[in-house]
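Trainee: Next up, input-v1.tsv (TSV, C-alpha atoms).
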chain	number	residue	atom	x	y	z
A	1	MET	CA	-18.94	-6.20	24.84
A	2	ASP	CA	-15.59	-4.42	24.37
A	3	VAL	CA	-13.31	-5.64	21.59
A	4	ASP	CA	-9.85	-6.53	22.92
A	5	LEU	CA	-7.37	-4.74	20.65
A	6	ARG	CA	-4.59	-7.17	21.57
A	7	LYS	CA	-6.64	-10.14	20.39
A	8	LEU	CA	-7.64	-8.17	17.31
A	9	ARG	CA	-3.99	-7.47	16.55
A	10	TYR	CA	-3.22	-11.18	16.86
A	11	PHE	CA	-6.09	-12.05	14.55
A	12	ALA	CA	-4.94	-9.46	11.99
A	13	ALA	CA	-1.53	-11.13	11.85
A	14	VAL	CA	-3.09	-14.56	11.29
A	15	ALA	CA	-5.47	-13.14	8.67
A	16	GLU	CA	-2.55	-11.65	6.77
A	17	GLU	CA	-0.24	-14.67	7.01
A	18	LEU	CA	-2.95	-17.37	6.85
A	19	HIS	CA	-0.49	-19.46	8.82
A	20	PHE	CA	-0.44	-19.71	12.63
A	21	GLY	CA	3.26	-20.54	12.81
A	22	ARG	CA	4.38	-17.52	10.76
A	23	ALA	CA	1.94	-15.24	12.58
A	24	ALA	CA	3.20	-16.42	15.99
A	25	GLU	CA	6.80	-15.86	14.94
A	26	ARG	CA	5.95	-12.39	13.69
A	27	LEU	CA	4.19	-11.55	16.97
A	28	HIS	CA	6.98	-13.10	19.07
A	29	ILE	CA	4.59	-15.38	20.97
A	30	ALA	CA	4.16	-19.13	21.17
A	31	GLN	CA	1.80	-20.70	18.66
A	32	PRO	CA	-0.45	-22.35	21.31
A	33	VAL	CA	-0.87	-18.95	22.97
A	34	LEU	CA	-1.88	-17.43	19.64
A	35	SER	CA	-4.39	-20.22	18.98
A	36	ARG	CA	-5.98	-19.67	22.40
A	37	GLN	CA	-6.26	-15.93	21.81
A	38	ILE	CA	-7.98	-16.44	18.45
A	39	ARG	CA	-10.42	-18.92	19.98
A	40	ALA	CA	-11.14	-16.43	22.77
A	41	LEU	CA	-11.83	-13.70	20.21
A	42	GLU	CA	-14.22	-15.98	18.34
A	43	GLN	CA	-16.04	-16.73	21.59
A	44	GLU	CA	-16.30	-13.04	22.42
A	45	LEU	CA	-17.64	-12.16	18.96
A	46	ARG	CA	-19.75	-15.36	18.81
A	47	VAL	CA	-18.64	-16.09	15.25
A	48	GLN	CA	-16.12	-18.40	13.60
A	49	LEU	CA	-13.34	-16.35	12.03
A	50	LEU	CA	-11.10	-19.07	10.57
A	51	THR	CA	-11.28	-22.56	9.18
A	52	ARG	CA	-8.19	-24.62	9.77
A	53	ASP	CA	-6.91	-28.07	8.87
A	54	ARG	CA	-3.48	-29.67	8.65
A	55	ARG	CA	-2.78	-28.10	5.28
A	56	SER	CA	-4.26	-24.62	5.31
A	57	THR	CA	-5.90	-21.78	7.19
A	58	ALA	CA	-8.67	-19.74	5.60
A	59	LEU	CA	-10.92	-16.85	6.56
A	60	THR	CA	-14.65	-17.38	6.92
A	61	PRO	CA	-16.96	-14.62	5.59
A	62	ALA	CA	-17.13	-13.26	9.13
A	63	GLY	CA	-13.34	-13.45	9.38
A	64	GLU	CA	-12.93	-11.51	6.16
A	65	GLN	CA	-15.22	-8.78	7.49
A	66	VAL	CA	-13.34	-8.59	10.79
A	67	ARG	CA	-10.04	-8.47	8.89
A	68	LYS	CA	-11.20	-5.42	6.95
A	69	ASP	CA	-12.54	-3.67	10.04
A	70	ALA	CA	-9.46	-4.53	12.10
A	71	VAL	CA	-7.19	-2.54	9.79
A	72	ALA	CA	-9.07	0.69	10.51
A	73	LEU	CA	-9.53	-0.03	14.23
A	74	LEU	CA	-5.89	-0.82	14.88
A	75	ALA	CA	-4.74	2.15	12.84
A	76	ALA	CA	-7.13	4.45	14.71
A	77	ALA	CA	-5.82	3.17	18.05
A	78	GLU	CA	-2.23	3.85	17.00
A	79	GLY	CA	-3.22	7.29	15.74
A	80	LEU	CA	-4.92	8.05	19.06
A	81	ARG	CA	-1.76	7.10	20.96
A	82	ARG	CA	0.44	9.29	18.78
A	83	ARG	CA	-1.90	12.29	18.97
A	84	ALA	CA	-2.14	11.99	22.76
A	85	LEU	CA	1.66	11.97	23.06
A	86	ARG	CA	1.92	15.02	20.84
A	87	ALA	CA	-0.75	16.87	22.79
A	88	ALA	CA	1.02	16.10	26.06
A	89	GLY	CA	4.31	17.32	24.68
A	90	GLY	CA	5.78	13.93	25.42
A	91	THR	CA	7.48	13.40	22.10
A	92	ASP	CA	9.51	15.39	19.62
A	93	ARG	CA	8.66	13.19	16.67
A	94	LEU	CA	7.35	13.28	13.11
A	95	THR	CA	6.10	10.32	11.10
A	96	VAL	CA	6.29	10.42	7.30
A	97	GLY	CA	4.45	7.99	5.03
A	98	PHE	CA	5.65	7.02	1.57
A	99	MET	CA	4.59	4.85	-1.33
A	100	PRO	CA	6.95	2.19	-2.76
A	101	GLY	CA	9.59	3.64	-5.06
A	102	ILE	CA	9.59	7.09	-3.45
A	103	THR	CA	12.79	7.97	-1.58
A	104	VAL	CA	12.25	10.33	1.35
A	105	THR	CA	15.74	10.24	2.87
A	106	THR	CA	16.94	13.62	1.58
A	107	ALA	CA	13.92	15.50	2.91
A	108	VAL	CA	14.09	13.69	6.26
A	109	GLN	CA	17.79	14.47	6.64
A	110	ALA	CA	17.20	18.13	5.77
A	111	LEU	CA	14.59	18.41	8.53
A	112	THR	CA	16.63	16.61	11.19
A	113	ALA	CA	19.62	18.82	10.33
A	114	ARG	CA	17.48	21.79	11.36
A	115	HIS	CA	16.16	20.02	14.47
A	116	PRO	CA	18.91	17.79	15.94
A	117	GLY	CA	16.66	16.46	18.72
A	118	LEU	CA	13.89	15.41	16.35
A	119	THR	CA	13.09	11.78	15.61
A	120	VAL	CA	11.54	11.14	12.20
A	121	ASP	CA	9.85	7.79	11.64
A	122	VAL	CA	8.85	6.51	8.22
A	123	LEU	CA	5.95	4.23	7.30
A	124	ARG	CA	5.45	2.44	3.99
A	125	THR	CA	1.89	2.79	2.72
A	126	SER	CA	-0.08	1.23	-0.13
A	127	TRP	CA	-2.75	2.25	-2.63
A	128	ASP	CA	-5.37	1.12	-0.13
A	129	ASP	CA	-4.24	3.25	2.80
A	130	GLN	CA	-1.97	6.02	1.51
A	131	THR	CA	-4.41	8.78	2.49
A	132	GLN	CA	-6.19	6.93	5.30
A	133	ALA	CA	-2.89	6.75	7.16
A	134	VAL	CA	-2.93	10.56	7.30
A	135	ARG	CA	-6.55	10.78	8.39
A	136	ASP	CA	-6.28	8.25	11.20
A	137	GLY	CA	-3.07	9.75	12.56
A	138	ARG	CA	-0.60	6.96	11.80
A	139	VAL	CA	1.49	9.52	9.90
A	140	ASP	CA	1.74	13.30	10.10
A	141	LEU	CA	2.09	13.62	6.35
A	142	SER	CA	2.66	11.29	3.43
A	143	PHE	CA	4.05	11.09	-0.08
A	144	VAL	CA	1.05	9.88	-2.10
A	145	ARG	CA	0.54	8.85	-5.70
A	146	MET	CA	-2.36	10.34	-7.58
A	147	PRO	CA	-5.23	9.80	-7.96
A	148	ALA	CA	-5.86	9.98	-4.23
A	149	ASP	CA	-8.86	10.80	-2.06
A	150	ARG	CA	-8.52	14.49	-1.12
A	151	GLU	CA	-11.18	14.59	1.61
A	152	ASP	CA	-9.97	16.52	4.71
A	153	LEU	CA	-6.45	16.75	3.27
A	154	CYS	CA	-4.10	19.40	1.95
A	155	LEU	CA	-2.14	18.23	-1.10
A	156	ARG	CA	1.00	19.81	-2.52
A	157	PRO	CA	2.24	18.56	-5.92
A	158	LEU	CA	5.90	17.55	-5.82
A	159	PHE	CA	6.87	15.91	-9.11
A	160	SER	CA	5.66	13.76	-11.97
A	161	GLU	CA	7.31	10.81	-13.70
A	162	PRO	CA	6.71	8.57	-16.72
A	163	ARG	CA	4.66	5.42	-16.38
A	164	VAL	CA	5.89	2.12	-17.72
A	165	ALA	CA	4.37	-1.17	-18.76
A	166	VAL	CA	5.83	-4.08	-16.80
A	167	LEU	CA	6.12	-7.15	-19.01
A	168	PRO	CA	7.55	-10.66	-18.86
A	169	ARG	CA	11.04	-10.90	-20.37
A	170	GLY	CA	9.78	-12.96	-23.29
A	171	HIS	CA	6.91	-10.63	-24.19
A	172	ARG	CA	6.56	-9.44	-27.80
A	173	LEU	CA	7.13	-5.81	-26.68
A	174	ALA	CA	9.96	-6.53	-24.26
A	175	GLY	CA	12.77	-5.29	-26.53
A	176	LYS	CA	11.25	-1.91	-27.35
A	177	GLN	CA	12.44	1.40	-25.96
A	178	ALA	CA	8.90	2.75	-25.72
A	179	VAL	CA	5.33	1.84	-26.66
A	180	GLY	CA	1.99	3.56	-27.02
A	181	ILE	CA	-1.01	2.59	-24.95
A	182	ALA	CA	-2.67	1.17	-28.09
A	183	ASP	CA	0.13	-1.42	-28.22
A	184	LEU	CA	-1.34	-2.84	-25.01
A	185	ALA	CA	-4.89	-3.05	-26.34
A	186	GLY	CA	-4.79	-6.82	-26.59
A	187	GLU	CA	-3.26	-7.34	-23.15
A	188	ARG	CA	-4.95	-8.33	-19.92
A	189	LEU	CA	-4.47	-5.53	-17.37
A	190	LEU	CA	-3.83	-6.85	-13.85
A	191	GLN	CA	-5.03	-3.76	-12.01
A	192	ASP	CA	-8.08	-1.56	-11.67
A	193	PRO	CA	-8.76	-0.20	-15.19
A	194	ASP	CA	-9.64	3.15	-13.63
A	195	ALA	CA	-5.97	3.45	-12.67
A	196	VAL	CA	-5.11	3.45	-16.39
A	197	PRO	CA	-8.07	5.23	-18.01
A	198	GLU	CA	-6.19	5.56	-21.30
A	199	TRP	CA	-6.19	1.76	-21.59
A	200	ARG	CA	-9.73	1.43	-20.28
A	201	ASP	CA	-11.08	3.85	-22.90
A	202	LEU	CA	-9.22	2.47	-25.91
A	203	PRO	CA	-11.61	2.07	-28.87
A	204	HIS	CA	-11.83	-1.37	-30.45
A	205	ARG	CA	-10.10	-3.01	-27.49
A	206	ARG	CA	-10.62	-6.74	-27.81
A	207	PRO	CA	-12.44	-8.56	-25.00
A	208	ASP	CA	-10.35	-10.69	-22.69
A	209	GLU	CA	-10.33	-14.21	-24.12
A	210	ASP	CA	-8.23	-15.77	-21.36
A	211	PRO	CA	-10.40	-18.45	-19.68
A	212	ARG	CA	-8.64	-17.92	-16.36
A	213	PRO	CA	-10.35	-15.48	-13.97
A	214	VAL	CA	-8.60	-12.16	-13.49
A	215	PRO	CA	-6.66	-12.58	-10.24
A	216	VAL	CA	-7.51	-10.38	-7.28
A	217	VAL	CA	-4.34	-8.51	-6.32
A	218	ARG	CA	-3.69	-6.14	-3.43
A	219	THR	CA	0.01	-5.34	-3.62
A	220	VAL	CA	2.62	-4.50	-6.23
A	221	GLU	CA	4.45	-7.69	-5.32
A	222	GLU	CA	1.35	-9.76	-6.13
A	223	LYS	CA	0.86	-7.95	-9.45
A	224	LEU	CA	4.43	-8.68	-10.50
A	225	GLU	CA	4.12	-12.34	-9.57
A	226	TYR	CA	1.14	-12.64	-11.92
A	227	VAL	CA	2.96	-10.75	-14.68
A	228	ALA	CA	5.89	-13.15	-14.35
A	229	ALA	CA	3.40	-16.05	-14.53
A	230	LEU	CA	2.23	-14.73	-17.95
A	231	GLN	CA	-1.24	-13.78	-16.75
A	232	GLY	CA	-1.14	-10.15	-17.89
A	233	VAL	CA	0.65	-6.81	-17.62
A	234	VAL	CA	0.60	-3.79	-15.32
A	235	VAL	CA	1.27	-0.10	-15.79
A	236	LEU	CA	3.25	1.49	-12.94
A	237	PRO	CA	5.09	4.71	-12.18
A	238	ARG	CA	8.68	4.30	-13.30
A	239	SER	CA	10.12	4.62	-9.79
A	240	THR	CA	7.83	1.87	-8.50
A	241	ALA	CA	8.82	-0.46	-11.33
A	242	LEU	CA	12.51	0.24	-10.71
A	243	TYR	CA	12.08	-0.35	-6.99
A	244	TYR	CA	10.79	-3.85	-7.74
A	245	THR	CA	13.28	-4.70	-10.50
A	246	ARG	CA	13.56	-8.46	-11.05
A	247	PRO	CA	15.34	-10.48	-13.75
A	248	ASP	CA	12.24	-12.14	-15.21
A	249	LEU	CA	10.47	-8.82	-15.89
A	250	CYS	CA	11.22	-5.68	-17.88
A	251	GLN	CA	9.83	-2.14	-18.08
A	252	VAL	CA	8.90	-0.28	-21.26
A	253	THR	CA	7.93	3.40	-21.16
A	254	VAL	CA	4.38	4.19	-22.30
A	255	THR	CA	4.74	7.50	-24.12
A	256	ASP	CA	1.17	8.67	-24.69
A	257	ILE	CA	-0.44	8.50	-21.25
A	258	GLU	CA	-0.46	10.97	-18.40
A	259	PRO	CA	2.62	10.79	-16.18
A	260	GLY	CA	2.27	9.63	-12.61
A	261	GLN	CA	2.07	12.50	-10.13
A	262	VAL	CA	3.38	12.45	-6.57
A	263	CYS	CA	2.01	14.84	-3.96
A	264	LEU	CA	2.58	15.46	-0.29
A	265	ALA	CA	-0.60	15.08	1.79
A	266	TRP	CA	-1.34	16.18	5.35
A	267	SER	CA	-4.43	16.78	7.43
A	268	ALA	CA	-6.30	19.99	6.79
A	269	ARG	CA	-7.18	20.10	10.50
A	270	GLN	CA	-4.55	22.04	12.41
A	271	PRO	CA	-1.31	20.65	10.97
A	272	GLY	CA	1.69	21.07	13.25
A	273	PRO	CA	4.55	23.44	12.47
A	274	LEU	CA	6.94	20.55	11.78
A	275	THR	CA	4.50	19.15	9.23
A	276	LEU	CA	4.35	22.45	7.35
A	277	GLU	CA	8.12	22.92	7.57
A	278	PHE	CA	8.70	19.45	6.14
A	279	ALA	CA	6.23	20.17	3.31
A	280	ASP	CA	8.16	23.33	2.40
A	281	LEU	CA	11.48	21.49	2.48
A	282	ALA	CA	10.17	18.64	0.34
A	283	ALA	CA	8.79	21.08	-2.23
A	284	GLU	CA	12.24	22.67	-2.56
A	285	ILE	CA	14.09	19.34	-2.73
A	286	TYR	CA	11.78	17.81	-5.35
A	287	ALA	CA	11.39	20.96	-7.46
A	288	ASP	CA	13.48	19.39	-10.23
A	289	GLY	CA	12.00	15.92	-9.93
A	290	PRO	CA	12.75	12.77	-7.91
What would you get if you wrote out this structure as structure tokens?

Mentor:
Amino acid sequence: MDVDLRKLRYFAAVAEELHFGRAAERLHIAQPVLSRQIRALEQELRVQLLTRDRRSTALTPAGEQVRKDAVALLAAAEGLRRRALRAAGGTDRLTVGFMPGITVTTAVQALTARHPGLTVDVLRTSWDDQTQAVRDGRVDLSFVRMPADREDLCLRPLFSEPRVAVLPRGHRLAGKQAVGIADLAGERLLQDPDAVPEWRDLPHRRPDEDPRPVPVVRTVEEKLEYVAALQGVVVLPRSTALYYTRPDLCQVTVTDIEPGQVCLAWSARQPGPLTLEFADLAAEIYADGP
């Protein structure tokens, strides 16, 4: 059995929205058509992917597995298309990935000034796919935040920046200019502790006494929603925190932890000349910081 990528793309939209109406609108198709395509995919795979009633749509365990696999499959298909076009000489194009808070406009404009016929596309990435997007060909190179998986990649350091604690406006530390990581010892961290090893390794850090389970978060937006709901704090690069500025939150610099580092990543396997030229330009532009 061959998996129909179109049906898989439809399912991925429903799995992300968990709402058939919003997914249909996003895909620009009628909702009954979308429902039929999802049912057809379930019949082809011989599993139930979604449970649905009048109030909600949820993924089954099989649906969750397909959702995870679909991300890589759809990205690989898009990468294949882009690589084929490049190999055929059918496009004069470069795609640049970037993490939230990183501005790539100056470097892109510098490259297109040198190559007036060039089209440069940009793609926003996340912690989950910032390097995978390079490996599967969705982007030619990407601005990534460290730590990042270096396998099969070339990485060029660009700049570093302070990291800040993002707190609710009414937090006890909200009025301070700066804090140390020990000041956050009693806080619940709403992210992978390995991302803030200085907090993880604090001696005498009190156990979490909040009876609520630590929420599972995938995006910066979700983290900030939980911070605003008084469920904990997060530590972010300053540019990311500024990018998501909102009136119910504030940022306080954490002075005694390693700064966040931004690098440019591209495939170690035969990078194109435009990729290497862009890397050189970016290194010059960001030599003095963001």

Trainee: Report the distance between atom CA of Asp201 of chain A and atom CA of Val214 of chain A in Å, rounded to one decimal place.

Mentor: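 Between these atoms lies a distance of 18.7 Å.
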
Trainee: Need the shell around segment 4-8 of chain A: protein/DNA/RNA residues with any atom at most 8 Å away, counting only C-alpha atoms. Skip same-chain ones fewer than 3 positions apart. Format as an MDAnalysis selection string?

Mentor: chainID A and resid 11:12 37:38 41 70 74

Trainee: For the residues in the current selection, export C-alpha atoms as a PDB file, keeping the file's coordinate frame.

Mentor:
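Result saved to part18.pdb:
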ATOM      1  CA  PHE A  11      -6.090 -12.050  14.550  1.00  0.00           C
ATOM      2  CA  ALA A  12      -4.940  -9.460  11.990  1.00  0.00           C
ATOM      3  CA  GLN A  37      -6.260 -15.930  21.810  1.00  0.00           C
ATOM      4  CA  ILE A  38      -7.980 -16.440  18.450  1.00  0.00           C
ATOM      5  CA  LEU A  41     -11.830 -13.700  20.210  1.00  0.00           C
ATOM      6  CA  ALA A  70      -9.460  -4.530  12.100  1.00  0.00           C
ATOM      7  CA  LEU A  74      -5.890  -0.820  14.880  1.00  0.00           C
TER       8      LEU A  74
END

Trainee: Work out how far apart atom CA of Leu224 of chain A and atom CA of Leu242 of chain A are and give it in Å to one decimal.

Mentor: 12.0 Å

Trainee: What does the distance between atom CA of Leu236 of chain A and atom CA of Gln261 of chain A come to in Å, to one decimal place?

Mentor: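 The value is 11.4 Å.
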
Trainee: Using all atoms listed in the file, I'd like a table of the residues in segment 26-132 of chain A that come within 12 Å of segment 277-287 of chain A; for each, show the closest atom pair and its distance in Å rounded to one decimal, ordered by chain and ascending number, as a Markdown table.

Mentor:
| residue | atom | partner | partner_atom | distance |
| --- | --- | --- | --- | --- |
| A:Leu94 | CA | A:Phe278 | CA | 9.4 |
| A:Thr95 | CA | A:Phe278 | CA | 10.7 |
| A:Val96 | CA | A:Phe278 | CA | 9.4 |
| A:Ile102 | CA | A:Tyr286 | CA | 11.1 |
| A:Thr103 | CA | A:Tyr286 | CA | 10.6 |
| A:Val104 | CA | A:Ala282 | CA | 8.6 |
| A:Thr105 | CA | A:Ala282 | CA | 10.4 |
| A:Thr106 | CA | A:Ile285 | CA | 7.7 |
| A:Ala107 | CA | A:Ala282 | CA | 5.5 |
| A:Val108 | CA | A:Phe278 | CA | 7.9 |
| A:Gln109 | CA | A:Leu281 | CA | 10.3 |
| A:Ala110 | CA | A:Leu281 | CA | 7.4 |
| A:Leu111 | CA | A:Phe278 | CA | 6.4 |
| A:Thr112 | CA | A:Phe278 | CA | 9.8 |
| A:Ala113 | CA | A:Leu281 | CA | 11.6 |
| A:Arg114 | CA | A:Glu277 | CA | 10.2 |
| A:His115 | CA | A:Glu277 | CA | 11.0 |
| A:Val120 | CA | A:Phe278 | CA | 10.7 |

Trainee: For each of A:Ala84, A:Ala40, A:Ala265, A:Leu18, take the minimum atom-to-atom distance to Arg55 of chain A, counting only C-alpha atoms, then give the residue where this is smallest.

Mentor: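 Of the candidates, the smallest distance to Arg55 of chain A is held by A:Leu18.
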
Trainee: List the neighbours of His19 of chain A out to 10 Å using all atoms listed in the file; skip same-chain residues closer than 2 positions along the sequence, and give me the result as a VMD selection string.

Mentor: chain A and resid 13 to 17 21 to 24 52 55 to 58

Trainee: Any chance you could export the current selection's C-alpha atoms as an mmCIF file, keeping the file's coordinate frame?

Mentor:
data_model
loop_
_atom_site.group_PDB
_atom_site.id
_atom_site.type_symbol
_atom_site.label_atom_id
_atom_site.label_comp_id
_atom_site.auth_asym_id
_atom_site.auth_seq_id
_atom_site.Cartn_x
_atom_site.Cartn_y
_atom_site.Cartn_z
ATOM 1 C CA ALA A 13 -1.530 -11.130 11.850
ATOM 2 C CA VAL A 14 -3.090 -14.560 11.290
ATOM 3 C CA ALA A 15 -5.470 -13.140 8.670
ATOM 4 C CA GLU A 16 -2.550 -11.650 6.770
ATOM 5 C CA GLU A 17 -0.240 -14.670 7.010
ATOM 6 C CA GLY A 21 3.260 -20.540 12.810
ATOM 7 C CA ARG A 22 4.380 -17.520 10.760
ATOM 8 C CA ALA A 23 1.940 -15.240 12.580
ATOM 9 C CA ALA A 24 3.200 -16.420 15.990
ATOM 10 C CA ARG A 52 -8.190 -24.620 9.770
ATOM 11 C CA ARG A 55 -2.780 -28.100 5.280
ATOM 12 C CA SER A 56 -4.260 -24.620 5.310
ATOM 13 C CA THR A 57 -5.900 -21.780 7.190
ATOM 14 C CA ALA A 58 -8.670 -19.740 5.600
#

Trainee: I'd like to know which of A:Glu187, A:Ala182, A:Cys154, A:Glu222 is closest to Pro203 of chain A, using all atoms listed in the file.

Mentor: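 Residue with the minimum atom-to-atom distance to Pro203 of chain A: A:Ala182.
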
Trainee: Closest to Glu25 of chain A among A:Ala165, A:Gly180, A:Tyr10, A:Val220, using all atoms listed in the file?

Mentor: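 Of A:Ala165, A:Gly180, A:Tyr10, A:Val220, the one nearest Glu25 of chain A is A:Tyr10, counting all atoms listed in the file.
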
Trainee: Between A:Pro32, A:Gly97, A:Gly289, A:Gly170, single out the one closest to Asp129 of chain A, counting all atoms listed in the file.

Mentor: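 Of the candidates, the smallest distance to Asp129 of chain A is held by A:Gly97.
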
Trainee: Go through A:Val254, A:Val71, A:Arg93, A:Leu158 one by one, measure the shortest atom-to-atom distance of each to Leu118 of chain A using all atoms listed in the file, and give the residue with the smallest value.

Mentor: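 Checking each candidate against Leu118 of chain A, we get A:Arg93 as the closest.
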
Trainee: Which one is closest to Leu276 of chain A: A:Pro211, A:Asp140, A:Pro157, A:Val217? Count only C-alpha atoms.

Mentor: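 Among the listed residues, the smallest separation from Leu276 of chain A belongs to A:Asp140.
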